[in-house]
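The structure file target20.tsv is reproduced below (TSV, C-alpha atoms).
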```
chain	number	residue	atom	x	y	z
K	1	MET	CA	0.00	0.00	0.00
K	2	ASN	CA	1.23	3.48	-0.77
K	3	ASN	CA	1.74	5.39	2.48
K	4	ARG	CA	2.80	8.64	0.91
K	5	GLN	CA	0.47	11.57	1.55
K	6	LYS	CA	0.45	15.06	0.23
K	7	PRO	CA	1.31	17.60	2.91
K	8	THR	CA	-1.71	19.15	4.59
K	9	ARG	CA	-1.98	22.94	4.79
K	10	TRP	CA	-2.89	24.25	8.21
K	11	TRP	CA	-5.15	26.99	6.88
K	12	ALA	CA	-7.11	24.53	4.74
K	13	GLU	CA	-7.52	22.20	7.72
K	14	LEU	CA	-8.64	25.11	9.89
K	15	LEU	CA	-11.21	26.11	7.28
K	16	LEU	CA	-12.48	22.53	7.00
K	17	LEU	CA	-12.85	22.16	10.77
K	18	GLY	CA	-14.57	25.54	10.96
K	19	LEU	CA	-17.06	24.35	8.38
K	20	LEU	CA	-17.51	21.15	10.37
K	21	TYR	CA	-18.28	23.05	13.55
K	22	GLY	CA	-20.67	25.30	11.59
K	23	ALA	CA	-22.43	22.21	10.24
K	24	TYR	CA	-22.56	20.74	13.76
K	25	SER	CA	-24.12	23.88	15.22
K	26	GLY	CA	-26.35	24.59	12.24
K	27	GLY	CA	-27.41	20.97	11.94
K	28	ARG	CA	-28.50	20.94	15.56
K	29	LEU	CA	-30.60	24.03	14.91
K	30	LEU	CA	-32.11	22.63	11.72
K	31	ALA	CA	-32.97	19.46	13.60
K	32	ARG	CA	-35.43	21.36	15.77
K	33	GLY	CA	-38.77	19.72	15.33
K	34	ASP	CA	-41.97	19.15	17.20
K	35	VAL	CA	-41.25	19.29	20.92
K	36	GLN	CA	-43.83	16.63	21.65
K	37	LEU	CA	-42.18	14.29	19.14
K	38	ALA	CA	-38.83	14.80	20.89
K	39	VAL	CA	-40.43	14.12	24.28
K	40	ASP	CA	-42.07	10.96	22.93
K	41	HIS	CA	-38.70	9.75	21.65
K	42	GLY	CA	-37.06	10.48	25.00
K	43	LEU	CA	-39.74	8.57	26.88
K	44	ALA	CA	-39.42	5.66	24.44
K	45	VAL	CA	-35.67	5.50	25.10
K	46	LEU	CA	-36.27	5.62	28.85
K	47	ARG	CA	-38.89	2.84	28.68
K	48	ALA	CA	-36.50	0.68	26.67
K	49	GLU	CA	-33.77	1.19	29.27
K	50	ASP	CA	-36.17	0.39	32.12
K	51	LEU	CA	-37.20	-2.77	30.32
K	52	LEU	CA	-33.56	-3.82	29.88
K	53	GLY	CA	-32.52	-2.67	33.34
K	54	ILE	CA	-29.88	-0.25	32.01
K	55	ALA	CA	-31.28	3.13	33.08
K	56	PHE	CA	-27.98	4.03	34.76
K	57	GLU	CA	-28.62	7.76	34.38
K	58	ARG	CA	-31.20	7.78	37.22
K	59	PRO	CA	-28.92	6.86	40.16
K	60	LEU	CA	-26.06	8.91	38.73
K	61	ASN	CA	-28.25	11.99	38.40
K	62	ARG	CA	-29.46	11.60	41.99
K	63	LEU	CA	-25.84	11.36	43.14
K	64	PHE	CA	-24.74	14.47	41.23
K	65	SER	CA	-27.78	16.54	42.16
K	66	HIS	CA	-27.48	15.72	45.88
K	67	HIS	CA	-23.73	16.30	46.13
K	68	ALA	CA	-22.44	19.58	44.76
K	69	PRO	CA	-18.73	18.53	44.97
K	70	LEU	CA	-19.61	15.96	42.28
K	71	GLY	CA	-22.26	17.85	40.36
K	72	VAL	CA	-20.43	21.16	39.88
K	73	PRO	CA	-17.20	19.67	38.43
K	74	ALA	CA	-19.34	17.42	36.22
K	75	ASP	CA	-21.14	20.46	34.82
K	76	PHE	CA	-17.81	22.15	34.10
K	77	VAL	CA	-16.58	19.02	32.31
K	78	TYR	CA	-19.76	18.81	30.24
K	79	ALA	CA	-19.73	22.50	29.33
K	80	SER	CA	-16.07	22.81	28.36
K	81	LEU	CA	-13.94	19.74	27.63
K	82	HIS	CA	-16.03	18.75	24.61
K	83	TYR	CA	-14.84	21.95	22.90
K	84	LEU	CA	-11.26	21.95	24.24
K	85	VAL	CA	-9.91	18.40	24.17
K	86	THR	CA	-11.09	17.56	20.64
K	87	PRO	CA	-9.32	20.45	18.88
K	88	ALA	CA	-6.28	19.92	21.11
K	89	VAL	CA	-6.01	16.30	19.94
K	90	LEU	CA	-6.38	17.43	16.32
K	91	VAL	CA	-3.54	19.94	16.70
K	92	TRP	CA	-1.39	17.34	18.46
K	93	LEU	CA	-1.91	14.85	15.64
K	94	TYR	CA	-1.23	17.49	13.00
K	95	ARG	CA	2.07	18.50	14.58
K	96	ARG	CA	3.33	15.29	16.20
K	97	ARG	CA	1.67	12.43	14.29
K	98	PRO	CA	1.13	13.81	10.77
K	99	ALA	CA	1.07	10.34	9.20
K	100	HIS	CA	-2.15	9.61	11.13
K	101	TYR	CA	-3.75	13.04	11.01
K	102	ARG	CA	-5.67	12.84	7.75
K	103	THR	CA	-7.40	9.54	8.50
K	104	ALA	CA	-8.24	10.70	12.04
K	105	ARG	CA	-9.68	13.97	10.76
K	106	THR	CA	-11.79	12.16	8.15
K	107	TRP	CA	-13.00	9.82	10.90
K	108	LEU	CA	-14.11	12.77	13.04
K	109	VAL	CA	-15.82	14.57	10.14
K	110	SER	CA	-17.71	11.54	8.85
K	111	SER	CA	-18.85	10.54	12.35
K	112	THR	CA	-20.09	14.05	13.10
K	113	LEU	CA	-22.07	14.18	9.87
K	114	LEU	CA	-23.63	10.82	10.71
K	115	GLY	CA	-24.54	12.21	14.13
K	116	LEU	CA	-26.27	15.18	12.50
K	117	VAL	CA	-28.35	12.74	10.48
K	118	GLY	CA	-29.36	11.10	13.75
K	119	PHE	CA	-30.39	14.48	15.20
K	120	ALA	CA	-32.58	15.15	12.17
K	121	LEU	CA	-34.20	11.71	12.03
K	122	MET	CA	-34.76	11.26	15.74
K	123	PRO	CA	-35.04	14.49	17.77
K	124	THR	CA	-34.85	13.33	21.37
K	125	CYS	CA	-35.62	15.11	24.61
K	126	PRO	CA	-32.82	14.66	27.17
K	127	PRO	CA	-33.71	13.38	30.66
K	128	ARG	CA	-33.29	16.81	32.25
K	129	LEU	CA	-36.17	18.24	30.17
K	130	LEU	CA	-38.64	15.47	30.96
K	131	ASP	CA	-41.39	16.04	33.48
K	132	ALA	CA	-40.06	16.06	37.04
K	133	ALA	CA	-42.24	13.03	37.75
K	134	HIS	CA	-39.68	10.92	35.90
K	135	GLY	CA	-37.13	11.68	38.63
K	136	PHE	CA	-34.44	13.75	36.85
K	137	THR	CA	-32.83	17.02	37.97
K	138	ASP	CA	-31.22	19.45	35.54
K	139	THR	CA	-27.86	19.95	37.27
K	140	MET	CA	-26.82	22.59	34.74
K	141	ALA	CA	-29.73	24.71	35.97
K	142	GLN	CA	-29.26	23.67	39.60
K	143	TYR	CA	-25.61	24.75	39.65
K	144	SER	CA	-25.80	27.54	37.07
K	145	ALA	CA	-24.54	30.11	39.60
K	146	TYR	CA	-21.18	28.31	39.65
K	147	GLY	CA	-20.44	28.63	35.92
K	148	TRP	CA	-21.01	30.61	32.76
K	149	TRP	CA	-23.92	28.49	31.60
K	150	GLY	CA	-27.55	29.27	32.29
K	151	ALA	CA	-30.53	27.00	32.41
K	152	GLU	CA	-30.29	26.02	28.73
K	153	ALA	CA	-27.72	23.21	28.39
K	154	SER	CA	-24.04	24.19	28.19
K	155	ALA	CA	-24.50	27.43	26.25
K	156	PRO	CA	-23.35	30.67	27.92
K	157	ARG	CA	-26.11	32.73	29.47
K	158	GLY	CA	-28.17	34.45	26.83
K	159	PHE	CA	-27.12	32.09	24.05
K	160	GLY	CA	-29.42	29.20	24.79
K	161	GLY	CA	-31.47	30.03	21.71
K	162	LEU	CA	-28.50	29.10	19.52
K	163	THR	CA	-28.58	25.47	20.63
K	164	ASN	CA	-30.96	22.64	19.97
K	165	GLN	CA	-31.74	21.05	23.31
K	166	TYR	CA	-33.54	18.14	21.67
K	167	ALA	CA	-30.45	16.65	19.99
K	168	ALA	CA	-29.68	13.98	22.57
K	169	MET	CA	-29.51	10.94	20.26
K	170	PRO	CA	-26.70	10.11	19.55
K	171	SER	CA	-24.37	11.67	22.12
K	172	LEU	CA	-21.51	13.32	20.25
K	173	HIS	CA	-20.08	14.30	23.61
K	174	VAL	CA	-19.41	10.59	24.11
K	175	GLY	CA	-18.50	10.02	20.44
K	176	TRP	CA	-15.89	12.78	20.31
K	177	ALA	CA	-14.47	11.75	23.69
K	178	LEU	CA	-14.13	8.17	22.44
K	179	TRP	CA	-12.36	9.45	19.31
K	180	CYS	CA	-9.92	11.44	21.48
K	181	GLY	CA	-9.34	8.53	23.83
K	182	ILE	CA	-8.58	5.99	21.11
K	183	LEU	CA	-6.12	8.30	19.37
K	184	MET	CA	-4.34	9.23	22.59
K	185	TRP	CA	-4.07	5.56	23.55
K	186	ARG	CA	-2.84	4.42	20.13
K	187	HIS	CA	-0.43	7.24	19.33
K	188	GLY	CA	0.54	8.62	22.72
K	189	ARG	CA	3.96	7.68	24.07
K	190	HIS	CA	3.78	9.08	27.60
K	191	PRO	CA	1.97	6.84	30.10
K	192	LEU	CA	-0.03	9.80	31.46
K	193	LEU	CA	-1.33	10.66	28.01
K	194	ARG	CA	-2.38	7.08	27.39
K	195	ALA	CA	-4.03	6.93	30.83
K	196	PHE	CA	-5.96	10.10	30.02
K	197	GLY	CA	-7.01	8.44	26.78
K	198	ILE	CA	-8.76	5.78	28.86
K	199	ALA	CA	-10.13	8.04	31.60
K	200	TYR	CA	-11.53	10.81	29.42
K	201	PRO	CA	-14.20	8.87	27.48
K	202	ALA	CA	-15.13	6.86	30.59
K	203	ALA	CA	-15.59	10.05	32.62
K	204	THR	CA	-17.57	11.63	29.78
K	205	VAL	CA	-20.06	8.75	29.80
K	206	LEU	CA	-20.61	9.24	33.54
K	207	VAL	CA	-20.87	13.02	33.20
K	208	VAL	CA	-23.44	13.10	30.39
K	209	MET	CA	-25.68	10.73	32.36
K	210	GLY	CA	-25.10	12.25	35.80
K	211	THR	CA	-25.98	15.75	34.55
K	212	ALA	CA	-29.14	14.30	32.91
K	213	ASN	CA	-28.09	15.49	29.47
K	214	HIS	CA	-28.13	12.01	27.92
K	215	TYR	CA	-29.53	8.54	28.38
K	216	PHE	CA	-27.25	5.54	28.52
K	217	LEU	CA	-28.49	4.50	25.06
K	218	ASP	CA	-27.45	7.93	23.73
K	219	ALA	CA	-23.90	7.08	24.79
K	220	VAL	CA	-24.15	3.69	23.11
K	221	ALA	CA	-25.41	5.37	19.93
K	222	GLY	CA	-22.54	7.85	20.09
K	223	ALA	CA	-20.03	5.00	20.18
K	224	ALA	CA	-21.84	3.27	17.31
K	225	VAL	CA	-21.70	6.42	15.19
K	226	MET	CA	-17.97	6.62	15.77
K	227	GLY	CA	-17.64	3.00	14.66
K	228	LEU	CA	-19.50	3.74	11.42
K	229	GLY	CA	-17.44	6.87	10.88
K	230	TYR	CA	-14.24	4.87	11.33
K	231	ALA	CA	-15.39	2.39	8.69
K	232	VAL	CA	-16.11	5.26	6.30
K	233	ALA	CA	-12.70	6.83	6.96
K	234	ARG	CA	-10.90	3.53	6.41
K	235	GLY	CA	-12.78	2.96	3.17
K	236	LEU	CA	-11.91	6.43	1.86
K	237	SER	CA	-8.28	5.97	2.88
K	238	ALA	CA	-8.10	2.61	1.07
K	239	ARG	CA	-9.56	4.12	-2.09
K	240	THR	CA	-7.08	6.99	-1.97
K	241	ASP	CA	-4.17	4.58	-1.54
K	242	ALA	CA	-5.46	2.40	-4.38
K	243	ARG	CA	-5.57	5.38	-6.74
K	244	ALA	CA	-2.07	6.39	-5.69
K	245	ASP	CA	-0.79	2.85	-6.26
K	246	ALA	CA	-2.47	2.75	-9.67
K	247	GLY	CA	-0.70	5.98	-10.59
K	248	ASP	CA	2.64	4.55	-9.49
K	249	ASP	CA	2.02	1.38	-11.52
K	250	ALA	CA	1.20	3.46	-14.58
K	251	ASP	CA	4.48	5.32	-14.19
K	252	ASP	CA	6.35	2.03	-13.87
K	253	ASP	CA	4.68	0.58	-16.99
K	254	ALA	CA	5.42	3.63	-19.15
K	255	PRO	CA	7.90	2.86	-21.97
K	256	ALA	CA	11.43	3.75	-21.00
K	257	THR	CA	13.05	6.52	-22.98
K	258	ASP	CA	16.13	5.45	-24.91
K	259	LEU	CA	18.64	7.89	-23.54
K	260	GLY	CA	20.95	7.15	-26.41
K	261	ALA	CA	18.43	8.01	-29.10
K	262	ALA	CA	19.19	10.74	-31.55
K	263	SER	CA	18.40	14.29	-30.60
K	264	PRO	CA	16.33	16.01	-33.27
K	265	ALA	CA	18.61	19.01	-33.24
K	266	ALA	CA	22.06	17.66	-32.50
K	267	GLY	CA	21.89	14.10	-33.81
K	268	PRO	CA	23.23	11.08	-31.95
K	269	ALA	CA	26.03	11.68	-29.53
K	270	ALA	CA	29.25	9.75	-30.00
K	271	PRO	CA	29.88	7.21	-27.21
K	272	PRO	CA	33.09	7.60	-25.22
K	273	ALA	CA	35.97	5.22	-25.88
K	274	GLY	CA	35.37	1.78	-24.37
K	275	PHE	CA	31.74	2.57	-23.39
K	276	ARG	CA	29.40	-0.40	-23.56
K	277	GLY	CA	25.83	0.63	-24.25
K	278	THR	CA	24.13	3.88	-25.11
K	279	THR	CA	25.22	7.31	-24.02
K	280	PRO	CA	22.79	9.22	-21.80
K	281	ILE	CA	21.86	12.60	-23.22
K	282	VAL	CA	20.69	15.39	-20.98
K	283	SER	CA	19.21	18.76	-21.76
K	284	GLY	CA	19.27	19.20	-25.51
K	285	GLY	CA	22.26	17.10	-26.45
K	286	TRP	CA	24.76	17.92	-23.71
K	287	ASP	CA	26.80	14.79	-23.02
K	288	THR	CA	26.95	13.33	-19.53
K	289	SER	CA	30.47	13.19	-18.16
K	290	ALA	CA	31.89	9.85	-17.03
K	291	ARG	CA	31.78	10.92	-13.39
K	292	GLU	CA	28.01	11.54	-13.66
K	293	LEU	CA	27.26	8.08	-15.00
K	294	LEU	CA	26.01	5.18	-12.93
K	295	PRO	CA	28.67	2.51	-12.28
K	296	ALA	CA	27.10	0.20	-14.87
K	297	GLN	CA	27.27	2.96	-17.49
K	298	ARG	CA	30.91	3.96	-16.99
K	299	PRO	CA	33.53	2.99	-19.60
K	300	ALA	CA	35.25	-0.34	-19.04
K	301	PRO	CA	38.87	0.00	-17.85
K	302	GLU	CA	41.47	-0.54	-20.57
K	303	ASP	CA	43.66	-3.66	-20.50
K	304	ASP	CA	47.25	-3.07	-19.35
K	305	SER	CA	48.53	-4.79	-22.50
K	306	ALA	CA	46.57	-2.40	-24.73
K	307	ALA	CA	47.91	0.56	-22.80
K	308	ALA	CA	51.49	-0.73	-23.10
K	309	ALA	CA	51.08	-1.23	-26.85
K	310	ARG	CA	50.18	2.44	-27.17
```

Serialized structure, structure tokens:
Amino acid sequence: MNNRQKPTRWWAELLLLGLLYGAYSGGRLLARGDVQLAVDHGLAVLRAEDLLGIAFERPLNRLFSHHAPLGVPADFVYASLHYLVTPAVLVWLYRRRPAHYRTARTWLVSSTLLGLVGFALMPTCPPRLLDAAHGFTDTMAQYSAYGWWGAEASAPRGFGGLTNQYAAMPSLHVGWALWCGILMWRHGRHPLLRAFGIAYPAATVLVVMGTANHYFLDAVAGAAVMGLGYAVARGLSARTDARADAGDDADDDAPATDLGAASPAAGPAAPPAGFRGTTPIVSGGWDTSARELLPAQRPAPEDDSAAAAR
């Protein structure tokens, strides 16, 4: 497989990622639909979890809402790391692991676009916006005095209208954290970096459930989206390598130019004494000196007897 890649330009990558974030934000807004439909989807997810016995978000939310030393840091993690760690990992890959950057970036982009499709097809009310009878507390609202966010998800106060609060399925908080964790584990060399690669996605799963922003099945869907995005990225990478290999094979199969052929302007060059083969011609008939020839092209040494006869 051809591993050569064209160098990436930082400004082009920055533009691409800016467009990705714009699509992420805009897609969440476009996904706004009927509130009742989103509530129905949220309740359906919750009923499925109750049936399977995997509604882990309930006890976690009670723990975070009853203990501020757990709930407040969790809200800070939810409101900030999603937007800090992901670009930091991208920059780290770009500068320190450039051979892996392009595939990783394509993985992130394709997974995010798949997540936006999920937002559009299945608008879902998060647990925190369900009726209080279902037993959930919105910790972002409960602890809003401790941070920059208000009562509308993780947006700064006054900017809640720019977010779609019914885009819970799948959880891209979990998906992006899983992406970061896998890359830090696979390509990190320092033990602390690799340990953070394990802890970060695990902590994100706990945080999104404990703050009542996502159901457990949202986290599962976020991981599934990342798996599909990885398959897409691998497929695109394989196709790119196949085209590059085909181009290399075409170059190898091209007919070799007879370097000793006659030049239209200067005619054939005379071979040096004792030279076996054709004489390379460079740049319009200028002869190649013996020192510039490959060892196999250099003139054969004269016999001592022939030299003595002269």

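Distance check against K:Met184 using all atoms listed in the file: of K:Ala104, K:Ala221, K:Ala203, K:Ala231, the minimum falls on K:Ala104.
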
As AutoDock Vina command-line options, what would the box around stretch 88-105 of chain K look like: edges along x, y and z, 5 Å added on every side, centre and edge lengths in Å to one decimal?
```
--center_x -3.2 --center_y 14.7 --center_z 14.4 --size_x 23.0 --size_y 20.4 --size_z 23.4
```

Exercise. Looking at K:Met209, K:Leu113, K:Ala88, K:Ala145, which one is nearest to K:Leu60, with distances taken over only C-alpha atoms?
Worked result: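 Nearest to K:Leu60: K:Met209.
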
Problem set entry | Straight-line distance linking atom CA of K:Ala242 with atom CA of K:Thr106, stated in Å to one decimal | 17.1 Å

Please provide the set of residues having any atom within 8 Å of K:Cys125, restricted to all atoms listed in the file, with same-chain residues fewer than 3 positions apart removed, written as a PDB file with C-alpha atoms, in the frame of the given file.
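out-v1.pdb was written with the following content:
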```pdb
ATOM      1  CA  VAL K  35     -41.250  19.290  20.920  1.00  0.00           C
ATOM      2  CA  ALA K  38     -38.830  14.800  20.890  1.00  0.00           C
ATOM      3  CA  VAL K  39     -40.430  14.120  24.280  1.00  0.00           C
ATOM      4  CA  ASP K  40     -42.070  10.960  22.930  1.00  0.00           C
ATOM      5  CA  HIS K  41     -38.700   9.750  21.650  1.00  0.00           C
ATOM      6  CA  GLY K  42     -37.060  10.480  25.000  1.00  0.00           C
ATOM      7  CA  LEU K 129     -36.170  18.240  30.170  1.00  0.00           C
ATOM      8  CA  LEU K 130     -38.640  15.470  30.960  1.00  0.00           C
ATOM      9  CA  GLN K 165     -31.740  21.050  23.310  1.00  0.00           C
ATOM     10  CA  TYR K 166     -33.540  18.140  21.670  1.00  0.00           C
ATOM     11  CA  ALA K 167     -30.450  16.650  19.990  1.00  0.00           C
ATOM     12  CA  ALA K 168     -29.680  13.980  22.570  1.00  0.00           C
TER      13      ALA K 168
END
```

For this session: Give the answer as one residue: which of K:Thr204, K:Asn213, K:Ser144, K:Ser237 has the shortest atom-to-atom distance to K:Val77, using only C-alpha atoms?
Result: K:Thr204

For this session: Find the residues near K:Val89: any atom within 10 Å, counting only C-alpha atoms, skip ones fewer than 5 places away on the same chain, and give them as an MDAnalysis selection string.
Result: chainID K and resid 84 94:95 101 104 179:181 183:184

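A straight line drawn from atom CA of K:Phe119 to atom CA of K:Thr86 is 20.3 Å long.
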
For this session: Check the smallest atom-to-atom distance from each of K:Pro127, K:Gly222, K:Gly227, K:Pro98 to K:Val205 using all atoms listed in the file, then report the winner.
Result: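 The answer is K:Gly222, which sits nearest to K:Val205.
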
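For the atom pair formed by atom CA of K:Leu172 and atom CA of K:Thr112, the distance is 7.3 Å, given to one decimal.
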
Exercise. Hey, which of K:Arg239, K:Gly147, K:Phe64, K:Gly229 ends up closest to K:Leu114? Count all atoms listed in the file.
Worked result: K:Gly229
